[in-house]
file upload-v3.cif (mmCIF, C-alpha atoms)
data_entry
#
loop_
_atom_site.group_PDB
_atom_site.id
_atom_site.type_symbol
_atom_site.label_atom_id
_atom_site.label_comp_id
_atom_site.auth_asym_id
_atom_site.auth_seq_id
_atom_site.Cartn_x
_atom_site.Cartn_y
_atom_site.Cartn_z
ATOM 1 C CA MET A 1 213.197 144.742 195.781
ATOM 2 C CA ALA A 2 213.749 147.581 193.338
ATOM 3 C CA GLY A 3 214.570 149.942 196.202
ATOM 4 C CA LEU A 4 217.129 147.471 197.562
ATOM 5 C CA LEU A 5 218.816 147.198 194.170
ATOM 6 C CA ALA A 6 218.841 150.988 193.866
ATOM 7 C CA LEU A 7 220.592 151.281 197.241
ATOM 8 C CA LEU A 8 223.065 148.604 196.226
ATOM 9 C CA PHE A 9 224.025 150.526 193.065
ATOM 10 C CA ALA A 10 224.015 153.890 194.852
ATOM 11 C CA PHE A 11 226.388 152.752 197.596
ATOM 12 C CA PRO A 12 229.637 152.943 195.529
ATOM 13 C CA ILE A 13 228.653 156.416 194.302
ATOM 14 C CA ALA A 14 227.977 157.645 197.844
ATOM 15 C CA TRP A 15 231.163 156.031 199.173
ATOM 16 C CA THR A 16 233.306 157.635 196.449
ATOM 17 C CA THR A 17 231.700 161.046 196.941
ATOM 18 C CA LEU A 18 232.272 160.955 200.706
ATOM 19 C CA GLY A 19 235.835 159.748 200.205
ATOM 20 C CA ALA A 20 236.585 162.772 198.025
ATOM 21 C CA PHE A 21 236.107 165.024 201.064
ATOM 22 C CA LYS A 22 238.156 162.956 203.534
ATOM 23 C CA SER A 23 241.579 163.919 204.791
ATOM 24 C CA PRO A 24 244.499 161.704 203.634
ATOM 25 C CA THR A 25 244.543 159.963 207.015
ATOM 26 C CA GLU A 26 240.836 159.104 206.908
ATOM 27 C CA ALA A 27 240.885 158.203 203.187
ATOM 28 C CA ASN A 28 243.646 155.621 203.770
ATOM 29 C CA ALA A 29 242.459 154.411 207.185
ATOM 30 C CA SER A 30 242.009 150.710 207.896
ATOM 31 C CA PRO A 31 239.375 149.827 208.970
ATOM 32 C CA PRO A 32 237.716 152.453 206.793
ATOM 33 C CA VAL A 33 236.206 155.650 208.149
ATOM 34 C CA TRP A 34 232.604 155.720 206.947
ATOM 35 C CA TRP A 35 231.876 159.393 207.527
ATOM 36 C CA PRO A 36 234.504 162.146 207.173
ATOM 37 C CA HIS A 37 235.204 164.015 210.406
ATOM 38 C CA ASP A 38 237.480 166.656 208.891
ATOM 39 C CA TRP A 39 235.841 167.769 205.647
ATOM 40 C CA THR A 40 238.374 169.063 203.123
ATOM 41 C CA THR A 41 238.521 170.040 199.436
ATOM 42 C CA ALA A 42 242.283 169.533 199.213
ATOM 43 C CA ASN A 43 241.786 166.331 197.220
ATOM 44 C CA PHE A 44 240.243 168.310 194.374
ATOM 45 C CA THR A 45 243.077 170.848 194.243
ATOM 46 C CA LYS A 46 245.623 168.020 194.076
ATOM 47 C CA LEU A 47 244.208 166.745 190.772
ATOM 48 C CA GLY A 48 246.175 169.305 188.788
ATOM 49 C CA GLY A 49 249.214 169.497 190.992
ATOM 50 C CA GLY A 50 252.560 168.800 189.343
ATOM 51 C CA SER A 51 251.150 167.768 185.951
ATOM 52 C CA GLY A 52 251.432 170.971 183.976
ATOM 53 C CA GLY A 53 247.750 171.771 184.264
ATOM 54 C CA SER A 54 244.884 172.417 186.624
ATOM 55 C CA LEU A 55 241.622 170.646 187.341
ATOM 56 C CA THR A 56 239.740 173.368 185.475
ATOM 57 C CA THR A 57 241.993 172.876 182.440
ATOM 58 C CA TYR A 58 241.470 169.116 182.403
ATOM 59 C CA ILE A 59 237.712 169.527 182.694
ATOM 60 C CA ALA A 60 237.705 172.124 179.901
ATOM 61 C CA HIS A 61 239.645 169.764 177.625
ATOM 62 C CA SER A 62 237.273 166.879 178.345
ATOM 63 C CA VAL A 63 234.252 169.100 177.719
ATOM 64 C CA ALA A 64 235.701 170.400 174.439
ATOM 65 C CA VAL A 65 236.550 166.922 173.140
ATOM 66 C CA SER A 66 233.187 165.498 174.248
ATOM 67 C CA LEU A 67 231.172 168.283 172.609
ATOM 68 C CA LEU A 68 233.208 167.969 169.406
ATOM 69 C CA THR A 69 232.579 164.225 169.381
ATOM 70 C CA VAL A 70 228.860 164.743 169.964
ATOM 71 C CA ALA A 71 228.599 167.334 167.174
ATOM 72 C CA ILE A 72 230.440 165.267 164.540
ATOM 73 C CA THR A 73 228.806 161.974 165.486
ATOM 74 C CA THR A 74 225.268 163.380 165.621
ATOM 75 C CA VAL A 75 225.404 165.298 162.331
ATOM 76 C CA VAL A 76 226.948 162.444 160.349
ATOM 77 C CA ALA A 77 224.759 159.759 161.964
ATOM 78 C CA VAL A 78 221.519 161.700 161.366
ATOM 79 C CA LEU A 79 222.337 162.282 157.698
ATOM 80 C CA ALA A 80 223.522 158.695 157.190
ATOM 81 C CA GLY A 81 220.539 157.194 159.016
ATOM 82 C CA TYR A 82 218.136 159.328 157.003
ATOM 83 C CA ALA A 83 219.767 158.234 153.744
ATOM 84 C CA MET A 84 219.789 154.566 154.774
ATOM 85 C CA ALA A 85 216.105 154.657 155.700
ATOM 86 C CA PHE A 86 214.492 156.753 152.937
ATOM 87 C CA LEU A 87 216.854 157.041 149.972
ATOM 88 C CA ARG A 88 217.457 154.412 147.338
ATOM 89 C CA PHE A 89 220.977 154.061 145.987
ATOM 90 C CA ARG A 90 223.208 151.240 144.853
ATOM 91 C CA GLY A 91 225.180 149.498 147.570
ATOM 92 C CA LYS A 92 223.100 150.902 150.444
ATOM 93 C CA ASN A 93 222.792 147.594 152.297
ATOM 94 C CA VAL A 94 226.462 146.769 151.751
ATOM 95 C CA LEU A 95 227.507 150.163 153.100
ATOM 96 C CA PHE A 96 225.312 149.699 156.154
ATOM 97 C CA ALA A 97 226.659 146.194 156.759
ATOM 98 C CA VAL A 98 230.253 147.428 156.511
ATOM 99 C CA SER A 99 229.590 150.247 158.973
ATOM 100 C CA ILE A 100 228.075 147.815 161.464
ATOM 101 C CA GLY A 101 230.907 145.348 160.829
ATOM 102 C CA VAL A 102 233.357 147.867 162.283
ATOM 103 C CA LEU A 103 231.822 147.091 165.688
ATOM 104 C CA LEU A 104 233.287 143.579 165.418
ATOM 105 C CA VAL A 105 236.857 144.900 165.268
ATOM 106 C CA PRO A 106 238.512 145.230 168.707
ATOM 107 C CA TYR A 107 238.936 148.837 169.711
ATOM 108 C CA PRO A 108 242.692 148.684 170.504
ATOM 109 C CA ALA A 109 243.389 146.997 167.156
ATOM 110 C CA LEU A 110 242.298 150.141 165.293
ATOM 111 C CA LEU A 111 244.372 152.545 167.369
ATOM 112 C CA VAL A 112 247.644 151.766 165.603
ATOM 113 C CA SER A 113 246.185 152.511 162.170
ATOM 114 C CA LEU A 114 244.390 155.607 163.442
ATOM 115 C CA PHE A 115 247.569 156.850 165.101
ATOM 116 C CA THR A 116 249.410 156.508 161.783
ATOM 117 C CA VAL A 117 246.677 158.495 160.049
ATOM 118 C CA MET A 118 246.766 161.169 162.756
ATOM 119 C CA VAL A 119 250.550 161.493 162.349
ATOM 120 C CA TRP A 120 250.128 161.887 158.590
ATOM 121 C CA LEU A 121 247.477 164.569 159.119
ATOM 122 C CA GLY A 122 249.495 166.313 161.824
ATOM 123 C CA LEU A 123 246.699 165.864 164.383
ATOM 124 C CA THR A 124 248.571 164.019 167.115
ATOM 125 C CA ASN A 125 248.693 165.796 170.474
ATOM 126 C CA SER A 126 245.576 167.680 169.372
ATOM 127 C CA LEU A 127 242.133 167.835 170.922
ATOM 128 C CA LEU A 128 240.669 168.085 167.407
ATOM 129 C CA GLY A 129 242.384 164.852 166.395
ATOM 130 C CA LEU A 130 241.207 163.162 169.579
ATOM 131 C CA GLY A 131 237.625 164.247 168.882
ATOM 132 C CA LEU A 132 237.844 162.853 165.344
ATOM 133 C CA VAL A 133 239.084 159.506 166.669
ATOM 134 C CA TYR A 134 236.279 159.321 169.223
ATOM 135 C CA SER A 135 233.737 160.157 166.523
ATOM 136 C CA THR A 136 235.115 157.352 164.362
ATOM 137 C CA PHE A 137 234.564 154.802 167.109
ATOM 138 C CA GLN A 138 231.053 156.065 167.871
ATOM 139 C CA MET A 139 229.877 156.284 164.265
ATOM 140 C CA PRO A 140 228.823 152.627 163.621
ATOM 141 C CA PHE A 141 226.499 152.453 166.630
ATOM 142 C CA ALA A 142 225.178 155.969 165.986
ATOM 143 C CA ILE A 143 224.346 155.171 162.348
ATOM 144 C CA TYR A 144 222.640 151.958 163.408
ATOM 145 C CA MET A 145 220.603 153.833 166.022
ATOM 146 C CA MET A 146 219.517 156.596 163.640
ATOM 147 C CA ARG A 147 218.608 154.185 160.865
ATOM 148 C CA ASN A 148 216.317 152.303 163.253
ATOM 149 C CA SER A 149 214.824 155.586 164.446
ATOM 150 C CA PHE A 150 214.042 156.753 160.914
ATOM 151 C CA ASP A 151 212.698 153.305 160.036
ATOM 152 C CA SER A 152 210.055 153.762 162.742
ATOM 153 C CA VAL A 153 208.691 156.838 160.905
ATOM 154 C CA PRO A 154 206.026 156.004 158.274
ATOM 155 C CA ALA A 155 207.190 156.701 154.734
ATOM 156 C CA ASP A 156 203.869 158.459 154.074
ATOM 157 C CA ILE A 157 204.988 161.365 156.256
ATOM 158 C CA VAL A 158 208.071 161.923 154.105
ATOM 159 C CA GLU A 159 206.068 161.646 150.904
ATOM 160 C CA ALA A 160 203.496 164.129 152.212
ATOM 161 C CA ALA A 161 206.249 166.588 153.106
ATOM 162 C CA LEU A 162 207.769 166.298 149.637
ATOM 163 C CA LEU A 163 204.365 166.810 148.011
ATOM 164 C CA ASP A 164 203.862 169.949 150.107
ATOM 165 C CA GLY A 165 207.033 171.445 148.658
ATOM 166 C CA CYS A 166 209.705 170.407 151.154
ATOM 167 C CA GLY A 167 213.052 169.278 149.879
ATOM 168 C CA ARG A 168 214.821 166.250 151.294
ATOM 169 C CA LEU A 169 216.878 168.248 153.793
ATOM 170 C CA SER A 170 213.993 170.588 154.554
ATOM 171 C CA ALA A 171 211.755 167.639 155.439
ATOM 172 C CA LEU A 172 214.502 166.247 157.642
ATOM 173 C CA TRP A 173 215.043 169.524 159.484
ATOM 174 C CA HIS A 174 211.451 170.693 159.922
ATOM 175 C CA ILE A 175 209.560 167.407 160.359
ATOM 176 C CA LEU A 176 211.570 164.233 160.835
ATOM 177 C CA LEU A 177 214.018 165.443 163.476
ATOM 178 C CA ARG A 178 211.128 166.046 165.868
ATOM 179 C CA LEU A 179 209.873 162.515 165.310
ATOM 180 C CA VAL A 180 213.254 160.862 165.884
ATOM 181 C CA ALA A 181 214.283 163.089 168.810
ATOM 182 C CA PRO A 182 214.656 160.111 171.217
ATOM 183 C CA GLY A 183 217.103 158.467 168.824
ATOM 184 C CA VAL A 184 219.095 161.691 168.483
ATOM 185 C CA VAL A 185 219.238 162.081 172.263
ATOM 186 C CA THR A 186 220.450 158.487 172.601
ATOM 187 C CA VAL A 187 223.244 159.116 170.087
ATOM 188 C CA VAL A 188 224.204 162.335 171.878
ATOM 189 C CA LEU A 189 224.246 160.627 175.276
ATOM 190 C CA PHE A 190 226.290 157.637 174.124
ATOM 191 C CA ALA A 191 228.792 159.848 172.273
ATOM 192 C CA PHE A 192 229.239 162.194 175.228
ATOM 193 C CA LEU A 193 229.663 159.440 177.826
ATOM 194 C CA ALA A 194 232.127 157.528 175.653
ATOM 195 C CA ALA A 195 234.251 160.597 174.911
ATOM 196 C CA TRP A 196 234.104 161.882 178.484
ATOM 197 C CA ASN A 197 235.301 158.599 180.023
ATOM 198 C CA GLU A 198 237.689 157.356 177.318
ATOM 199 C CA PHE A 199 241.289 156.816 178.417
ATOM 200 C CA LEU A 200 243.264 154.647 175.970
ATOM 201 C CA ALA A 201 243.071 156.823 172.836
ATOM 202 C CA ALA A 202 243.826 159.956 174.864
ATOM 203 C CA LEU A 203 246.874 158.241 176.372
ATOM 204 C CA VAL A 204 248.143 157.228 172.917
ATOM 205 C CA LEU A 205 247.456 160.477 171.044
ATOM 206 C CA LEU A 206 248.294 163.089 173.694
ATOM 207 C CA ASN A 207 251.824 163.588 175.015
ATOM 208 C CA ASP A 208 251.617 167.154 176.308
ATOM 209 C CA ASN A 209 250.566 167.496 179.947
ATOM 210 C CA SER A 210 248.859 170.806 179.234
ATOM 211 C CA LYS A 211 246.453 169.041 176.808
ATOM 212 C CA PHE A 212 245.530 166.037 178.919
ATOM 213 C CA THR A 213 241.873 165.219 179.493
ATOM 214 C CA LEU A 214 240.332 164.355 182.854
ATOM 215 C CA PRO A 215 240.774 160.528 182.645
ATOM 216 C CA ILE A 216 244.520 161.005 182.104
ATOM 217 C CA ALA A 217 244.638 163.331 185.118
ATOM 218 C CA LEU A 218 243.114 160.565 187.263
ATOM 219 C CA VAL A 219 246.149 158.375 186.619
ATOM 220 C CA ASN A 220 248.388 161.110 188.006
ATOM 221 C CA ALA A 221 246.001 161.699 190.932
ATOM 222 C CA GLN A 222 246.204 158.118 192.168
ATOM 223 C CA ASN A 223 249.948 158.272 192.841
ATOM 224 C CA GLY A 224 250.785 159.206 196.417
ATOM 225 C CA PRO A 225 254.073 159.369 198.310
ATOM 226 C CA LEU A 226 256.398 156.341 198.103
ATOM 227 C CA ASN A 227 254.343 154.838 195.266
ATOM 228 C CA THR A 228 251.213 154.483 197.403
ATOM 229 C CA VAL A 229 247.692 155.076 196.147
ATOM 230 C CA ASP A 230 246.239 158.465 197.055
ATOM 231 C CA TRP A 231 242.666 157.291 197.651
ATOM 232 C CA GLY A 232 241.372 160.752 198.481
ATOM 233 C CA GLY A 233 242.694 162.306 195.272
ATOM 234 C CA LEU A 234 241.539 159.341 193.203
ATOM 235 C CA GLN A 235 238.017 159.466 194.646
ATOM 236 C CA ALA A 236 237.888 163.222 194.096
ATOM 237 C CA GLY A 237 238.749 162.687 190.436
ATOM 238 C CA ILE A 238 236.143 159.940 190.082
ATOM 239 C CA THR A 239 233.523 162.210 191.664
ATOM 240 C CA VAL A 240 234.285 165.021 189.220
ATOM 241 C CA THR A 241 234.236 162.584 186.313
ATOM 242 C CA MET A 242 230.958 160.868 187.108
ATOM 243 C CA LEU A 243 228.970 163.992 188.031
ATOM 244 C CA PRO A 244 228.191 165.169 184.448
ATOM 245 C CA CYS A 245 227.394 161.583 183.413
ATOM 246 C CA VAL A 246 224.885 161.109 186.229
ATOM 247 C CA VAL A 247 223.227 164.492 185.618
ATOM 248 C CA LEU A 248 222.919 163.928 181.857
ATOM 249 C CA PHE A 249 221.540 160.427 182.263
ATOM 250 C CA VAL A 250 218.928 161.528 184.812
ATOM 251 C CA LEU A 251 217.802 164.456 182.637
ATOM 252 C CA LEU A 252 217.658 162.462 179.386
ATOM 253 C CA GLN A 253 216.627 159.055 180.692
ATOM 254 C CA ARG A 254 213.106 159.238 179.230
ATOM 255 C CA TYR A 255 214.391 159.972 175.725
ATOM 256 C CA TYR A 256 217.234 157.482 176.088
ATOM 257 C CA VAL A 257 214.908 154.540 176.788
ATOM 258 C CA ALA A 258 212.569 155.520 173.949
ATOM 259 C CA GLY A 259 215.505 155.859 171.560
ATOM 260 C CA LEU A 260 216.866 152.406 172.328
ATOM 261 C CA VAL A 261 213.579 150.712 171.398
ATOM 262 C CA ALA A 262 212.983 152.855 168.288
ATOM 263 C CA GLY A 263 212.121 150.745 165.281
ATOM 264 C CA THR A 264 211.599 147.518 167.223
ATOM 265 C CA GLY A 265 207.838 147.555 166.802
ATOM 266 C CA LYS A 266 207.690 148.303 163.091
#

call {"tool": "encode", "arguments": {"input": "upload-v3.cif", "output": "C-alpha cells"}}
result
Amino acid sequence: MAGLLALLFAFPIAWTTLGAFKSPTEANASPPVWWPHDWTTANFTKLGGGSGGSLTTYIAHSVAVSLLTVAITTVVAVLAGYAMAFLRFRGKNVLFAVSIGVLLVPYPALLVSLFTVMVWLGLTNSLLGLGLVYSTFQMPFAIYMMRNSFDSVPADIVEAALLDGCGRLSALWHILLRLVAPGVVTVVLFAFLAAWNEFLAALVLLNDNSKFTLPIALVNAQNGPLNTVDWGGLQAGITVTMLPCVVLFVLLQRYYVAGLVAGTGK
C-alpha cells in the first residue's frame, strides 16, 4: 500500500520532468505523448528569453534570497527560542503569544503594510528587502519550533554548563545547539522552501526584470505564441524549481521529522 501511494505521488514529478525535455509539438500534443522521442533542452534556455535575465540569473537570485532568509530566520529564532525556554523576564508569555498570533493574520493582508515600510526604508526592488520580508513571515513558526526544541532539553544541563563556567551564549553555542539540531534543521528547511517557492511578495516588491526570482520567471515561461500556454517551458521551470526542494528534503528528512516532534514528550 505504501509503495502504491509513493508511486501515486511520484507520478506528477516524473511527468513534469519528462515534459521538460519534450519538443513543443510533443509537450502540447493531445492525446499526450508519454515518453519524449526528440529529447531537447530548449525549454530550459527559454526560461530567461525576453525577460531581461537568464535562467542562471533567476536561480542565483532565488538562492541569494533563500539563504538570506534562512540566515536571518535561524539566528533570530534560535536566540528567541532559547530566551523563551530558559530565561525569566517580564512579559515573556505575552511576547510569545503575540508572535504566535501573527500566524492568524492572512499573509496577503500584511503585504500592504510591509510594502509601505519597504518604501520608507528604500528596500523595494531589492533582494535584501525581499529576504527581510520572507524572514518576517517565517519568524513566528520558527520561534515556536525553537522554543519547543529548547523545552525538550532538561534545565539541569543548562545549570551544569553555567556552573562549569559557561556563559549564557557560550552554553548555547557549545552545548545546546547540538541537542536541538533537529529543530534548527526544521527551521532551516521550512525557511528555505518558503523563500524558494514564494511568488506573491516577490511580485509586489520587485519591478525590475533583472532582479526577478525563479517563481516570477515561471510566469513568463508559461506564455507561448498567441497567448497559449508553453507547457514545455513551464514544466522545465517547475523541474528546476522543485529539484533543490526534493534534494534538501531527502537529505534532511531524518532531522526534519525529529524536529517536528521536539518537545511533545516532555

call {"tool": "closest_residue", "arguments": {"input": "upload-v3.cif", "among": "A:Thr213, A:Asn148, A:Ser54, A:Thr241", "to": "Ala80 (chain A)", "atoms": "only C-alpha atoms"}}
result
A:Asn148

call {"tool": "closest_residue", "arguments": {"input": "upload-v3.cif", "among": "A:Leu123, A:Ala2, A:Leu248, A:Leu218", "to": "Trp231 (chain A)", "atoms": "all atoms listed in the file"}}
result
A:Leu218

call {"tool": "atom_distance", "arguments": {"input": "upload-v3.cif", "atom1": "CA of Ala236 (chain A)", "atom2": "CA of Leu18 (chain A)"}}
result
9.0 Å

call {"tool": "residues_near_point", "arguments": {"input": "upload-v3.cif", "point": "(251.0, 168.9, 175.3)", "cutoff": "12 Å", "atoms": "all atoms listed in the file", "output": "ChimeraX atom specification"}}
result
/A:51-53,58,61,124-127,202-203,205-213

call {"tool": "atom_distance", "arguments": {"input": "upload-v3.cif", "atom1": "CA of Leu132 (chain A)", "atom2": "CA of Leu176 (chain A)"}}
result
26.7 Å

call {"tool": "residues_near_point", "arguments": {"input": "upload-v3.cif", "point": "(213.3, 163.3, 154.2)", "cutoff": "7 Å", "atoms": "all atoms listed in the file", "output": "VMD selection string"}}
result
chain A and resid 82 86 158 168 to 169 171 to 172 176

call {"tool": "resolve_selection", "arguments": {"input": "upload-v3.cif", "expression": "the PyMOL selection byres ((chain A and resi 192) around 8)", "output": "ChimeraX atom specification"}}
result
/A:66-67,69-70,188-191,193-196

call {"tool": "closest_residue", "arguments": {"input": "upload-v3.cif", "among": "A:Val63, A:Val229, A:Gly19, A:Trp39", "to": "Cys245 (chain A)", "atoms": "only C-alpha atoms"}}
result
A:Val63

call {"tool": "closest_residue", "arguments": {"input": "upload-v3.cif", "among": "A:Ile59, A:Leu162, A:Ala201, A:Ser23", "to": "Trp35 (chain A)", "atoms": "only C-alpha atoms"}}
result
A:Ser23

call {"tool": "resolve_selection", "arguments": {"input": "upload-v3.cif", "expression": "the PyMOL selection byres ((chain A and resi 95-98) around 9)", "output": "ChimeraX atom specification"}}
result
/A:84,91-94,99-102,140,143-144

call {"tool": "closest_residue", "arguments": {"input": "upload-v3.cif", "among": "A:Leu103, A:Val117, A:Val250, A:Gly237", "to": "Met139 (chain A)", "atoms": "all atoms listed in the file"}}
result
A:Leu103

call {"tool": "closest_residue", "arguments": {"input": "upload-v3.cif", "among": "A:Leu130, A:Ala42, A:Leu251, A:Ala6", "to": "Leu55 (chain A)", "atoms": "only C-alpha atoms"}}
result
A:Ala42

call {"tool": "residues_around", "arguments": {"input": "upload-v3.cif", "residues": "Leu179 (chain A)", "least_positions_apart": "5", "cutoff": "9 Å", "atoms": "all atoms listed in the file", "output": "MDAnalysis selection string"}}
result
chainID A and resid 149:150 153

call {"tool": "atom_distance", "arguments": {"input": "upload-v3.cif", "atom1": "CA of Thr41 (chain A)", "atom2": "CA of Val219 (chain A)"}}
result
18.9 Å

call {"tool": "residues_around", "arguments": {"input": "upload-v3.cif", "residues": "Val133 (chain A)", "least_positions_apart": "5", "cutoff": "9 Å", "atoms": "all atoms listed in the file", "output": "list in words"}}
result
Thr69, Leu111, Leu114, Met118, Leu128, Gln138 and Ala201 of chain A

call {"tool": "axis_aligned_box", "arguments": {"input": "upload-v3.cif", "around": "region 229-248 of chain A", "padding_each_side": "5 Å", "output": "AutoDock Vina command-line options"}}
result
--center_x 235.3 --center_y 160.1 --center_z 190.2 --size_x 34.8 --size_y 20.1 --size_z 26.6
